[in-house]
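**Q** Sharing my_file.pdb below, PDB, C-alpha atoms:
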```pdb
MODEL        1
ATOM      1  CA  MET A   1       0.000   0.000   0.000
ATOM      2  CA  VAL A   2       1.346   3.411  -0.890
ATOM      3  CA  THR A   3       0.889   5.437   2.283
ATOM      4  CA  GLN A   4       1.371   8.921   0.845
ATOM      5  CA  GLU A   5      -0.980   8.486  -2.040
ATOM      6  CA  ILE A   6      -4.270   9.562  -0.570
ATOM      7  CA  GLU A   7      -3.181  12.838   0.960
ATOM      8  CA  ASP A   8      -5.399  15.668  -0.229
ATOM      9  CA  THR A   9      -2.966  18.558  -0.583
ATOM     10  CA  LYS A  10      -4.099  21.569   1.380
ATOM     11  CA  ALA A  11      -4.055  25.025  -0.077
ATOM     12  CA  SER A  12      -2.216  27.551   2.098
ATOM     13  CA  PRO A  13      -4.424  29.983   4.062
ATOM     14  CA  ALA A  14      -3.382  32.866   1.803
ATOM     15  CA  SER A  15      -4.133  30.993  -1.420
ATOM     16  CA  PRO A  16      -7.098  32.119  -3.532
ATOM     17  CA  PRO A  17     -10.023  29.655  -3.690
ATOM     18  CA  ILE A  18      -9.262  26.609  -5.845
ATOM     19  CA  VAL A  19     -10.949  26.702  -9.251
ATOM     20  CA  ASP A  20     -11.252  23.084 -10.272
ATOM     21  CA  PRO A  21     -12.721  22.331 -13.723
ATOM     22  CA  ASP A  22     -13.462  18.786 -12.518
ATOM     23  CA  ARG A  23     -15.364  19.817  -9.398
ATOM     24  CA  ALA A  24     -18.862  19.127 -10.762
ATOM     25  CA  LEU A  25     -17.882  15.681 -12.034
ATOM     26  CA  VAL A  26     -16.159  14.844  -8.758
ATOM     27  CA  LEU A  27     -19.263  15.799  -6.774
ATOM     28  CA  ARG A  28     -21.463  13.633  -9.010
ATOM     29  CA  ALA A  29     -19.038  10.729  -8.691
ATOM     30  CA  GLN A  30     -18.963  11.190  -4.911
ATOM     31  CA  GLU A  31     -22.731  10.774  -4.958
ATOM     32  CA  GLY A  32     -22.316   7.416  -6.650
ATOM     33  CA  GLU A  33     -22.742   8.291 -10.340
ATOM     34  CA  LEU A  34     -20.632   5.835 -12.331
ATOM     35  CA  GLU A  35     -20.836   7.882 -15.561
ATOM     36  CA  ALA A  36     -19.223  10.860 -13.837
ATOM     37  CA  PHE A  37     -16.397   8.688 -12.519
ATOM     38  CA  GLU A  38     -15.876   7.179 -15.973
ATOM     39  CA  GLU A  39     -15.722  10.661 -17.490
ATOM     40  CA  LEU A  40     -12.937  11.546 -15.026
ATOM     41  CA  VAL A  41     -11.111   8.367 -16.021
ATOM     42  CA  SER A  42     -11.451   9.251 -19.723
ATOM     43  CA  ARG A  43     -10.151  12.760 -19.120
ATOM     44  CA  TYR A  44      -7.007  11.705 -17.338
ATOM     45  CA  GLU A  45      -6.089   8.115 -18.201
ATOM     46  CA  GLN A  46      -3.736   9.202 -20.974
ATOM     47  CA  ARG A  47      -2.056  11.811 -18.777
ATOM     48  CA  VAL A  48      -1.575   9.282 -15.963
ATOM     49  CA  TYR A  49      -0.203   6.726 -18.441
ATOM     50  CA  THR A  50       2.249   9.291 -19.859
ATOM     51  CA  LEU A  51       3.421  10.247 -16.378
ATOM     52  CA  ALA A  52       3.884   6.605 -15.376
ATOM     53  CA  LEU A  53       5.787   5.822 -18.570
ATOM     54  CA  ARG A  54       8.091   8.767 -17.995
ATOM     55  CA  ILE A  55       8.934   7.423 -14.559
ATOM     56  CA  LEU A  56       8.998   3.705 -15.324
ATOM     57  CA  ARG A  57       9.694   3.442 -19.085
ATOM     58  CA  GLN A  58       7.895   0.074 -19.296
ATOM     59  CA  ARG A  59       4.394  -0.266 -20.682
ATOM     60  CA  GLU A  60       3.252  -3.123 -18.460
ATOM     61  CA  ASP A  61       4.369  -1.307 -15.322
ATOM     62  CA  ALA A  62       2.765   1.930 -16.520
ATOM     63  CA  GLU A  63      -0.523   0.099 -17.150
ATOM     64  CA  GLU A  64      -0.389  -1.304 -13.621
ATOM     65  CA  VAL A  65       0.068   2.236 -12.291
ATOM     66  CA  VAL A  66      -2.919   3.548 -14.282
ATOM     67  CA  GLN A  67      -5.162   0.825 -12.920
ATOM     68  CA  GLU A  68      -3.950   1.107  -9.337
ATOM     69  CA  ALA A  69      -4.195   4.917  -9.403
ATOM     70  CA  PHE A  70      -7.832   4.910 -10.517
ATOM     71  CA  VAL A  71      -8.716   2.096  -8.114
ATOM     72  CA  SER A  72      -7.196   4.197  -5.342
ATOM     73  CA  VAL A  73      -9.207   7.230  -6.467
ATOM     74  CA  LEU A  74     -12.366   5.121  -6.455
ATOM     75  CA  GLU A  75     -11.673   3.825  -2.972
ATOM     76  CA  HIS A  76     -10.822   7.233  -1.497
ATOM     77  CA  LEU A  77     -13.176   9.442  -3.495
ATOM     78  CA  GLU A  78     -15.464   9.967  -0.518
ATOM     79  CA  THR A  79     -12.621  11.454   1.534
ATOM     80  CA  PHE A  80     -11.459  13.867  -1.205
ATOM     81  CA  ARG A  81     -12.367  17.341   0.075
ATOM     82  CA  GLY A  82     -11.383  19.397  -2.932
ATOM     83  CA  GLU A  83      -8.657  21.324  -1.134
ATOM     84  CA  ALA A  84      -6.512  20.824  -4.235
ATOM     85  CA  PRO A  85      -7.724  20.323  -7.811
ATOM     86  CA  PHE A  86      -8.729  16.748  -8.603
ATOM     87  CA  LYS A  87      -6.048  16.537 -11.300
ATOM     88  CA  SER A  88      -3.273  17.371  -8.809
ATOM     89  CA  TRP A  89      -4.611  14.804  -6.355
ATOM     90  CA  LEU A  90      -4.758  12.134  -9.065
ATOM     91  CA  LEU A  91      -1.248  12.884 -10.372
ATOM     92  CA  ARG A  92       0.142  12.636  -6.849
ATOM     93  CA  ILE A  93      -1.498   9.272  -6.357
ATOM     94  CA  ALA A  94      -0.152   8.082  -9.719
ATOM     95  CA  THR A  95       3.350   9.410  -9.035
ATOM     96  CA  ASN A  96       3.568   7.725  -5.660
ATOM     97  CA  GLN A  97       2.215   4.529  -7.175
ATOM     98  CA  ALA A  98       4.851   4.670  -9.934
ATOM     99  CA  LEU A  99       7.635   5.227  -7.381
ATOM    100  CA  HIS A 100       6.285   2.269  -5.413
ATOM    101  CA  VAL A 101       6.565   0.074  -8.531
ATOM    102  CA  LEU A 102      10.056   1.417  -9.229
ATOM    103  CA  ARG A 103      11.189   0.587  -5.695
ATOM    104  CA  LYS A 104       9.642  -2.861  -5.936
ATOM    105  CA  ARG A 105      11.439  -3.408  -9.227
ATOM    106  CA  LYS A 106      14.752  -2.452  -7.630
ATOM    107  CA  GLY A 107      14.086  -4.493  -4.509
ATOM    108  CA  LEU A 108      14.059  -1.350  -2.385
ATOM    109  CA  SER A 109      11.668  -0.438   0.368
ATOM    110  CA  THR A 110      12.613   2.878   1.907
ATOM    111  CA  VAL A 111      16.232   3.314   0.868
ATOM    112  CA  PRO A 112      16.867   6.409  -1.198
ATOM    113  CA  PHE A 113      17.210   6.720  -4.943
ATOM    114  CA  GLN A 114      21.002   7.071  -5.218
ATOM    115  CA  GLU A 115      21.529   9.578  -2.419
ATOM    116  CA  GLU A 116      25.043  10.932  -2.617
ATOM    117  CA  ARG A 117      26.889  13.084  -0.130
ATOM    118  CA  GLY A 118      27.953  16.526  -1.256
ATOM    119  CA  GLU A 119      26.360  15.999  -4.631
ATOM    120  CA  SER A 120      26.505  19.676  -5.506
ATOM    121  CA  GLU A 121      30.278  19.738  -5.205
ATOM    122  CA  GLN A 122      31.048  16.609  -7.187
ATOM    123  CA  HIS A 123      30.566  17.987 -10.672
ATOM    124  CA  PRO A 124      30.450  21.518 -12.031
ATOM    125  CA  LEU A 125      27.077  22.662 -13.352
ATOM    126  CA  PRO A 126      26.614  21.847 -17.039
ATOM    127  CA  HIS A 127      27.215  25.252 -18.583
ATOM    128  CA  PRO A 128      24.890  26.105 -21.520
ATOM    129  CA  GLN A 129      26.641  25.316 -24.801
ATOM    130  CA  LEU A 130      23.998  26.015 -27.414
ATOM    131  CA  ILE A 131      22.162  29.265 -26.743
ATOM    132  CA  ALA A 132      19.454  30.118 -29.250
ATOM    133  CA  ARG A 133      15.816  31.153 -29.299
ATOM    134  CA  TRP A 134      13.385  28.387 -30.246
ATOM    135  CA  LYS A 135      11.785  28.434 -33.688
ATOM    136  CA  GLU A 136       8.286  27.797 -32.320
ATOM    137  CA  SER A 137       6.407  28.228 -29.046
ATOM    138  CA  PRO A 138       6.135  25.205 -26.735
ATOM    139  CA  GLU A 139       2.357  25.287 -27.246
ATOM    140  CA  ARG A 140       2.781  24.874 -31.029
ATOM    141  CA  LEU A 141       5.476  22.249 -30.586
ATOM    142  CA  ALA A 142       3.239  20.231 -28.239
ATOM    143  CA  GLU A 143       0.750  19.763 -31.088
ATOM    144  CA  GLN A 144       3.285  17.814 -33.163
ATOM    145  CA  LEU A 145       3.557  14.059 -32.666
ATOM    146  CA  GLU A 146       7.222  13.816 -33.660
ATOM    147  CA  VAL A 147       8.068  16.389 -30.995
ATOM    148  CA  HIS A 148       6.841  13.978 -28.336
ATOM    149  CA  HIS A 149       9.197  11.274 -29.580
ATOM    150  CA  SER A 150      12.002  13.813 -29.242
ATOM    151  CA  LEU A 151      10.901  14.664 -25.685
ATOM    152  CA  ALA A 152      10.834  10.985 -24.754
ATOM    153  CA  ARG A 153      14.354  10.528 -26.144
ATOM    154  CA  ALA A 154      15.648  13.606 -24.320
ATOM    155  CA  LEU A 155      14.216  12.351 -21.042
ATOM    156  CA  GLU A 156      15.633   8.859 -21.588
ATOM    157  CA  ASP A 157      19.056  10.359 -22.275
ATOM    158  CA  ILE A 158      19.450  11.799 -18.804
ATOM    159  CA  ASP A 159      20.269   9.749 -15.726
ATOM    160  CA  GLU A 160      17.346   8.362 -13.718
ATOM    161  CA  LYS A 161      18.176  10.417 -10.638
ATOM    162  CA  TYR A 162      17.737  13.618 -12.645
ATOM    163  CA  ARG A 163      14.761  12.326 -14.635
ATOM    164  CA  LEU A 164      12.780  11.437 -11.500
ATOM    165  CA  VAL A 165      13.318  14.808  -9.852
ATOM    166  CA  PHE A 166      12.364  16.645 -13.046
ATOM    167  CA  VAL A 167       9.184  14.591 -13.524
ATOM    168  CA  LEU A 168       8.129  14.973  -9.894
ATOM    169  CA  ARG A 169       8.880  18.698  -9.585
ATOM    170  CA  ASP A 170       8.054  20.011 -13.037
ATOM    171  CA  VAL A 171       5.456  17.581 -14.371
ATOM    172  CA  SER A 172       3.693  16.292 -11.248
ATOM    173  CA  GLU A 173       4.194  19.672  -9.516
ATOM    174  CA  PHE A 174       5.496  18.250  -6.232
ATOM    175  CA  SER A 175       7.189  20.815  -3.980
ATOM    176  CA  THR A 176      10.887  20.447  -3.180
ATOM    177  CA  LYS A 177       9.995  19.025   0.229
ATOM    178  CA  GLU A 178       7.462  16.571  -1.207
ATOM    179  CA  THR A 179       9.968  15.439  -3.836
ATOM    180  CA  ALA A 180      12.630  14.920  -1.178
ATOM    181  CA  MET A 181      10.209  12.845   0.888
ATOM    182  CA  ALA A 182       8.972  10.811  -2.075
ATOM    183  CA  LEU A 183      12.513   9.961  -3.220
ATOM    184  CA  ASN A 184      13.975   9.810   0.296
ATOM    185  CA  ILE A 185      16.772  12.240  -0.531
ATOM    186  CA  SER A 186      17.673  15.615   0.974
ATOM    187  CA  GLU A 187      16.083  18.886  -0.166
ATOM    188  CA  PRO A 188      19.464  20.348  -1.278
ATOM    189  CA  ASN A 189      19.907  17.288  -3.486
ATOM    190  CA  VAL A 190      16.457  17.790  -4.983
ATOM    191  CA  LYS A 191      17.402  21.373  -5.830
ATOM    192  CA  ILE A 192      20.739  20.557  -7.427
ATOM    193  CA  ARG A 193      19.322  17.593  -9.354
ATOM    194  CA  LEU A 194      16.461  19.721 -10.644
ATOM    195  CA  LEU A 195      18.856  22.427 -11.779
ATOM    196  CA  ARG A 196      21.032  19.896 -13.602
ATOM    197  CA  ALA A 197      17.985  18.182 -15.131
ATOM    198  CA  ARG A 198      16.578  21.465 -16.406
ATOM    199  CA  LEU A 199      19.936  22.508 -17.869
ATOM    200  CA  MET A 200      20.505  19.130 -19.535
ATOM    201  CA  LEU A 201      17.011  19.005 -21.011
ATOM    202  CA  ARG A 202      17.247  22.626 -22.166
ATOM    203  CA  GLU A 203      20.466  21.801 -24.004
ATOM    204  CA  ARG A 204      18.945  18.785 -25.745
ATOM    205  CA  LEU A 205      15.700  20.509 -26.650
ATOM    206  CA  THR A 206      17.465  23.642 -27.899
ATOM    207  CA  SER A 207      19.571  21.449 -30.189
ATOM    208  CA  MET A 208      16.270  20.163 -31.660
ATOM    209  CA  PHE A 209      14.081  23.257 -31.633
ATOM    210  CA  GLY A 210      16.572  26.120 -31.555
ATOM    211  CA  ASP A 211      16.765  28.602 -34.412
ATOM    212  CA  GLY A 212      20.366  28.392 -35.658
ATOM    213  CA  ALA A 213      20.116  31.922 -37.049
ATOM    214  CA  SER A 214      19.541  33.302 -33.543
ATOM    215  CA  ARG A 215      22.454  31.416 -31.971
ATOM    216  CA  MET A 216      24.276  33.545 -29.416
ATOM    217  CA  ILE A 217      27.816  33.488 -28.173
ATOM    218  CA  PRO A 218      28.287  35.318 -24.843
ATOM    219  CA  ASP A 219      30.490  38.388 -25.385
ATOM    220  CA  HIS A 220      32.404  37.693 -22.175
ATOM    221  CA  LYS A 221      34.463  34.750 -20.959
ATOM    222  CA  HIS A 222      33.050  32.515 -18.254
ATOM    223  CA  GLU A 223      35.047  31.230 -15.321
ATOM    224  CA  GLY A 224      36.932  28.040 -16.147
ATOM    225  CA  GLU A 225      37.036  28.738 -19.877
TER
ATOM    226  CA  MET B   1      26.141  39.178 -10.736
ATOM    227  CA  LYS B   2      28.114  36.816 -12.977
ATOM    228  CA  CYS B   3      26.562  34.247 -15.289
ATOM    229  CA  GLU B   4      27.670  31.400 -12.968
ATOM    230  CA  LYS B   5      25.815  32.956 -10.047
ATOM    231  CA  LEU B   6      22.776  33.359 -12.246
ATOM    232  CA  LEU B   7      22.884  29.652 -13.095
ATOM    233  CA  GLU B   8      22.925  28.774  -9.395
ATOM    234  CA  ALA B   9      19.934  31.023  -8.672
ATOM    235  CA  MET B  10      18.060  30.055 -11.819
ATOM    236  CA  ASN B  11      15.653  27.508 -10.277
ATOM    237  CA  GLU B  12      14.352  29.964  -7.717
ATOM    238  CA  TYR B  13      14.042  32.672 -10.370
ATOM    239  CA  VAL B  14      12.119  30.433 -12.788
ATOM    240  CA  ASP B  15       9.891  29.150  -9.962
ATOM    241  CA  GLY B  16       9.248  32.657  -8.624
ATOM    242  CA  THR B  17      10.573  31.729  -5.172
ATOM    243  CA  ILE B  18      13.730  33.836  -5.266
ATOM    244  CA  ASP B  19      14.729  36.295  -2.554
ATOM    245  CA  PRO B  20      13.671  39.804  -3.759
ATOM    246  CA  GLY B  21      17.176  41.252  -3.246
ATOM    247  CA  ILE B  22      18.795  38.539  -5.376
ATOM    248  CA  CYS B  23      15.976  38.823  -7.897
ATOM    249  CA  GLU B  24      16.709  42.520  -8.453
ATOM    250  CA  SER B  25      20.401  41.863  -9.011
ATOM    251  CA  LEU B  26      19.602  38.960 -11.319
ATOM    252  CA  GLN B  27      17.102  41.020 -13.307
ATOM    253  CA  LYS B  28      19.768  43.693 -13.767
ATOM    254  CA  HIS B  29      22.132  41.049 -15.139
ATOM    255  CA  LEU B  30      19.447  39.767 -17.534
ATOM    256  CA  ASP B  31      18.801  43.279 -18.852
ATOM    257  CA  ASP B  32      22.408  43.375 -20.078
ATOM    258  CA  CYS B  33      22.964  39.707 -20.971
ATOM    259  CA  ASP B  34      20.831  38.393 -23.834
ATOM    260  CA  PRO B  35      22.341  34.874 -23.748
ATOM    261  CA  CYS B  36      21.333  34.408 -20.089
ATOM    262  CA  GLN B  37      17.836  35.730 -20.840
ATOM    263  CA  VAL B  38      17.516  33.210 -23.681
ATOM    264  CA  VAL B  39      18.671  30.368 -21.410
ATOM    265  CA  ILE B  40      16.002  31.345 -18.858
ATOM    266  CA  ASP B  41      13.371  31.499 -21.643
ATOM    267  CA  ASN B  42      14.490  28.088 -22.936
ATOM    268  CA  ILE B  43      14.169  26.572 -19.454
ATOM    269  CA  ARG B  44      10.620  27.899 -19.118
ATOM    270  CA  GLN B  45       9.776  26.560 -22.582
ATOM    271  CA  THR B  46      11.243  23.166 -21.676
ATOM    272  CA  ILE B  47       9.038  22.890 -18.589
ATOM    273  CA  THR B  48       5.929  24.063 -20.477
ATOM    274  CA  LEU B  49       6.539  21.554 -23.251
ATOM    275  CA  PHE B  50       6.888  18.579 -20.914
ATOM    276  CA  LYS B  51       3.797  19.639 -18.977
ATOM    277  CA  ALA B  52       1.749  19.988 -22.160
ATOM    278  CA  GLY B  53       2.599  16.586 -23.530
ATOM    279  CA  VAL B  54       0.348  13.551 -23.198
ATOM    280  CA  PRO B  55       1.755  11.642 -26.139
ATOM    281  CA  TYR B  56       1.286   8.017 -25.129
ATOM    282  CA  GLU B  57      -1.953   6.349 -26.193
ATOM    283  CA  LEU B  58      -3.227   3.619 -23.921
ATOM    284  CA  PRO B  59      -3.384   0.246 -25.682
ATOM    285  CA  ILE B  60      -7.027  -0.410 -26.674
ATOM    286  CA  GLN B  61      -7.132  -3.820 -25.003
ATOM    287  CA  PHE B  62      -5.858  -2.354 -21.754
ATOM    288  CA  LYS B  63      -8.429   0.451 -21.935
ATOM    289  CA  ALA B  64     -11.245  -2.088 -22.183
ATOM    290  CA  LYS B  65      -9.776  -4.141 -19.334
ATOM    291  CA  LEU B  66      -9.424  -1.016 -17.202
ATOM    292  CA  ARG B  67     -13.077  -0.056 -17.799
ATOM    293  CA  ASP B  68     -14.282  -3.543 -16.843
ATOM    294  CA  GLU B  69     -12.156  -3.666 -13.706
ATOM    295  CA  LEU B  70     -13.224  -0.205 -12.534
ATOM    296  CA  ARG B  71     -16.902  -0.952 -13.207
ATOM    297  CA  ARG B  72     -16.629  -4.183 -11.248
ATOM    298  CA  ARG B  73     -15.080  -2.387  -8.286
ATOM    299  CA  TRP B  74     -17.541   0.510  -8.553
ATOM    300  CA  LYS B  75     -20.503  -1.869  -8.426
ATOM    301  CA  ALA B  76     -19.043  -3.608  -5.401
ATOM    302  CA  ARG B  77     -18.749  -0.223  -3.682
ATOM    303  CA  PHE B  78     -22.112   1.176  -4.811
ATOM    304  CA  PRO B  79     -24.340  -1.893  -5.253
ATOM    305  CA  LYS B  80     -27.412  -1.524  -7.532
ATOM    306  CA  GLY B  81     -26.632   2.086  -8.347
ATOM    307  CA  GLN B  82     -27.096   2.990  -4.688
ATOM    308  CA  LYS B  83     -26.257   6.634  -4.075
ATOM    309  CA  ARG B  84     -24.624   8.056  -1.009
ATOM    310  CA  ALA B  85     -26.852   9.956   1.359
TER
ENDMDL
END
```
Go ahead and express the file in the form of C-alpha cells.

**A**
Amino acid sequence: MVTQEIEDTKASPASPPIVDPDRALVLRAQEGELEAFEELVSRYEQRVYTLALRILRQREDAEEVVQEAFVSVLEHLETFRGEAPFKSWLLRIATNQALHVLRKRKGLSTVPFQEERGESEQHPLPHPQLIARWKESPERLAEQLEVHHSLARALEDIDEKYRLVFVLRDVSEFSTKETAMALNISEPNVKIRLLRARLMLRERLTSMFGDGASRMIPDHKHEGE
Amino acid sequence: MKCEKLLEAMNEYVDGTIDPGICESLQKHLDDCDPCQVVIDNIRQTITLFKAGVPYELPIQFKAKLRDELRRRWKARFPKGQKRA
C-alpha cells in the first residue's frame, strides 16, 4: 500500500479559492454516479499513463500504475475534500504509485534513490553550450507528434536520478519538500538535481528546436574557460 | 552578478521563489545579458513543453480491461446504483 498516495494537498491559508474544472464531475461521482467517474477516467487516463511511462519506461508497469491509481481514487473518493484540484490529487497518487513500482522493481523499500553526499560539489554545473531562441512556441510544438518522440528521447538520455526529480517537480508539480520525501533524498539534493535536469534538457531541446540563425555566443568569458 | 551565479539562482528565479534582493540583481544582469535571458526562456519553454505533452496512447485492449475492472469495483462499492446519502 502506498501510504502517501491519498493525501489531499491543502491550499495555504493565503491561497485564492481553488478553481477546479473537474469539481462538478467529482461531486457527481462522490454521490455514486458511475458515468461521472468514468468521465474523469477518460479525461485523465492518458495523462496518468504518460506520467507513469516517464517514470517507469515500461508499458506493463505503466498500465499497472494507471489501474492502481484509478482504483485508489475510487476507494478514497469519498474522503477527497477538494482542497486541491482533482487533477493534482490524481497525479500525486499516480506518481507515488509509480515510485512504489520502481522501488519494488529495484528491490528497495525505503532506501533512497542514489543519495550521494555533497552531490553539488562533485561535478560543475553543465554550462549552456547552445544558446538560441526556439523556432516555435512550446504550445505549437506540443501539437506535433514527432516532438513527443524527441521529448521521450531527451528524457531517456538523462540519468534516472535527474529524470525522476524533473518529472516529480516540473510535471507532477510536487514541492521540493514533497519530492525529497517521495525519493527519500535531501532537499538540497532535490534542488541541485532539478537544476542539472533542467539545464541538460534545455540543451537537448534547444539542439532540436533552436533557431540556428539566432544562436548567441556570450560576449564575455566565463570562469573556467 | 556573474553568469555562474545566475545559473545557481536560476531555479528559484524560474519558480518565482527567489529572494527579492537577489531577484533585483539577477534582473539587472538579464537586462544586459541576452544569452542568459535566452537560457532562462528556454528553461521555461522546456518545462511548459513537458507539462503539455500527453503523447502516449493507452493500448485499446488495456483500456477495455481497465473499464471492466473499474466498473466491477464501482458496483461492489455502490451496489445496484445505490447513491450516497

**Q** If the PyMOL selection byres ((chain A and resi 148) around 12) were run on this exact file, what residues would it hold? Put them as a PDB file with C-alpha atoms, in the frame of the given file.

**A**
```
ATOM      1  CA  THR A  50       2.249   9.291 -19.859  1.00  0.00           C
ATOM      2  CA  ARG A  54       8.091   8.767 -17.995  1.00  0.00           C
ATOM      3  CA  PRO A 138       6.135  25.205 -26.735  1.00  0.00           C
ATOM      4  CA  ARG A 140       2.781  24.874 -31.029  1.00  0.00           C
ATOM      5  CA  LEU A 141       5.476  22.249 -30.586  1.00  0.00           C
ATOM      6  CA  ALA A 142       3.239  20.231 -28.239  1.00  0.00           C
ATOM      7  CA  GLU A 143       0.750  19.763 -31.088  1.00  0.00           C
ATOM      8  CA  GLN A 144       3.285  17.814 -33.163  1.00  0.00           C
ATOM      9  CA  LEU A 145       3.557  14.059 -32.666  1.00  0.00           C
ATOM     10  CA  GLU A 146       7.222  13.816 -33.660  1.00  0.00           C
ATOM     11  CA  VAL A 147       8.068  16.389 -30.995  1.00  0.00           C
ATOM     12  CA  HIS A 149       9.197  11.274 -29.580  1.00  0.00           C
ATOM     13  CA  SER A 150      12.002  13.813 -29.242  1.00  0.00           C
ATOM     14  CA  LEU A 151      10.901  14.664 -25.685  1.00  0.00           C
ATOM     15  CA  ALA A 152      10.834  10.985 -24.754  1.00  0.00           C
ATOM     16  CA  ARG A 153      14.354  10.528 -26.144  1.00  0.00           C
ATOM     17  CA  ALA A 154      15.648  13.606 -24.320  1.00  0.00           C
ATOM     18  CA  LEU A 155      14.216  12.351 -21.042  1.00  0.00           C
ATOM     19  CA  LEU A 205      15.700  20.509 -26.650  1.00  0.00           C
ATOM     20  CA  MET A 208      16.270  20.163 -31.660  1.00  0.00           C
TER      21      MET A 208
ATOM     22  CA  LEU B  49       6.539  21.554 -23.251  1.00  0.00           C
ATOM     23  CA  PHE B  50       6.888  18.579 -20.914  1.00  0.00           C
ATOM     24  CA  LYS B  51       3.797  19.639 -18.977  1.00  0.00           C
ATOM     25  CA  ALA B  52       1.749  19.988 -22.160  1.00  0.00           C
ATOM     26  CA  GLY B  53       2.599  16.586 -23.530  1.00  0.00           C
ATOM     27  CA  VAL B  54       0.348  13.551 -23.198  1.00  0.00           C
ATOM     28  CA  PRO B  55       1.755  11.642 -26.139  1.00  0.00           C
ATOM     29  CA  TYR B  56       1.286   8.017 -25.129  1.00  0.00           C
ATOM     30  CA  GLU B  57      -1.953   6.349 -26.193  1.00  0.00           C
TER      31      GLU B  57
END
```

**Q** Show me, as a tab-separated table, the residues of chain B having an atom within 10 Å of chain A, each with the closest atom pair and its distance in Å, using only C-alpha atoms.

**A**
```
residue	atom	partner	partner_atom	distance
B:Lys2	CA	A:His222	CA	8.4
B:Cys3	CA	A:His222	CA	7.3
B:Glu4	CA	A:His222	CA	7.6
B:Leu7	CA	A:Leu125	CA	8.2
B:Glu8	CA	A:Leu195	CA	7.9
B:Ala9	CA	A:Leu195	CA	9.2
B:Met10	CA	A:Leu195	CA	7.7
B:Asn11	CA	A:Leu195	CA	6.2
B:Glu12	CA	A:Lys191	CA	9.3
B:Asp15	CA	A:Asp170	CA	9.8
B:Cys33	CA	A:Pro218	CA	7.9
B:Asp34	CA	A:Pro218	CA	8.1
B:Pro35	CA	A:Pro218	CA	6.1
B:Cys36	CA	A:Ile131	CA	8.5
B:Gln37	CA	A:Ile131	CA	9.8
B:Val38	CA	A:Arg133	CA	6.2
B:Val39	CA	A:Ile131	CA	6.5
B:Ile40	CA	A:Arg202	CA	9.4
B:Asp41	CA	A:Arg133	CA	8.0
B:Asn42	CA	A:Arg202	CA	6.2
B:Ile43	CA	A:Arg202	CA	5.7
B:Arg44	CA	A:Arg202	CA	9.0
B:Gln45	CA	A:Pro138	CA	5.7
B:Thr46	CA	A:Arg202	CA	6.0
B:Ile47	CA	A:Asp170	CA	6.3
B:Thr48	CA	A:Pro138	CA	6.4
B:Leu49	CA	A:Pro138	CA	5.1
B:Phe50	CA	A:Val171	CA	6.8
B:Lys51	CA	A:Val171	CA	5.3
B:Ala52	CA	A:Ala142	CA	6.3
B:Gly53	CA	A:Ala142	CA	6.0
B:Val54	CA	A:Arg47	CA	5.3
B:Pro55	CA	A:His148	CA	6.0
B:Tyr56	CA	A:Thr50	CA	5.5
B:Glu57	CA	A:Gln46	CA	6.2
B:Leu58	CA	A:Gln46	CA	6.3
B:Pro59	CA	A:Glu63	CA	9.0
B:Phe62	CA	A:Glu63	CA	7.5
B:Lys63	CA	A:Glu45	CA	8.8
B:Lys65	CA	A:Gln67	CA	9.3
B:Leu66	CA	A:Gln67	CA	6.3
B:Arg67	CA	A:Glu38	CA	8.0
B:Glu69	CA	A:Gln67	CA	8.3
B:Leu70	CA	A:Val71	CA	6.7
B:Arg71	CA	A:Leu34	CA	7.8
B:Arg73	CA	A:Val71	CA	7.8
B:Trp74	CA	A:Leu34	CA	7.2
B:Lys75	CA	A:Leu34	CA	8.6
B:Arg77	CA	A:Glu75	CA	8.2
B:Phe78	CA	A:Gly32	CA	6.5
B:Pro79	CA	A:Gly32	CA	9.6
B:Gly81	CA	A:Gly32	CA	7.1
B:Gln82	CA	A:Gly32	CA	6.8
B:Lys83	CA	A:Gly32	CA	4.8
B:Arg84	CA	A:Glu31	CA	5.2
B:Ala85	CA	A:Glu31	CA	7.6
```

**Q** In Å, rounded to a single decimal, give me how far atom CA of Pro21 of chain A is from atom CA of Lys87 of chain A.

**A** 9.2 Å

**Q** What does the distance between atom CA of Thr179 of chain A and atom CA of Asp61 of chain A come to in Å, to one decimal place?

**A**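 Separation between atom CA of Thr179 of chain A and atom CA of Asp61 of chain A: 21.1 Å.
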
**Q** For the file shown, report as a compact mmCIF listing (two decimals) with C-alpha atoms, in the frame of the given file the outcome of the PyMOL selection byres ((chain A and resi 94) around 8) at residue level.

**A**
```txt
# COMPACT_ATOMS: atom_id res chain seq x y z
CA GLU A 5 -0.98 8.49 -2.04
CA VAL A 48 -1.58 9.28 -15.96
CA LEU A 51 3.42 10.25 -16.38
CA ALA A 52 3.88 6.60 -15.38
CA VAL A 65 0.07 2.24 -12.29
CA VAL A 66 -2.92 3.55 -14.28
CA GLU A 68 -3.95 1.11 -9.34
CA ALA A 69 -4.20 4.92 -9.40
CA LEU A 90 -4.76 12.13 -9.06
CA LEU A 91 -1.25 12.88 -10.37
CA ARG A 92 0.14 12.64 -6.85
CA ILE A 93 -1.50 9.27 -6.36
CA THR A 95 3.35 9.41 -9.04
CA ASN A 96 3.57 7.72 -5.66
CA GLN A 97 2.22 4.53 -7.18
CA ALA A 98 4.85 4.67 -9.93
```

**Q** Hey, can you check how far atom CA of Ile158 of chain A sits from atom CA of Leu6 of chain B?

**A** 22.8 Å

**Q** Using all atoms of segment 195-213 of chain A that appear in the file, construct an axis-aligned enclosing box with 8 Å of padding on every side and provide its centre coordinates and edge lengths in Å, rounded to one decimal, as lines of an AutoDock Vina configuration file.

**A**
```
center_x = 17.6
center_y = 25.1
center_z = -24.4
size_x = 23.0
size_y = 29.7
size_z = 41.3
```

**Q** Counting only C-alpha atoms, which of A:Val73, A:Leu27, A:Ile55, A:Val165 gets nearest to Ala197 of chain A?

**A** A:Val165
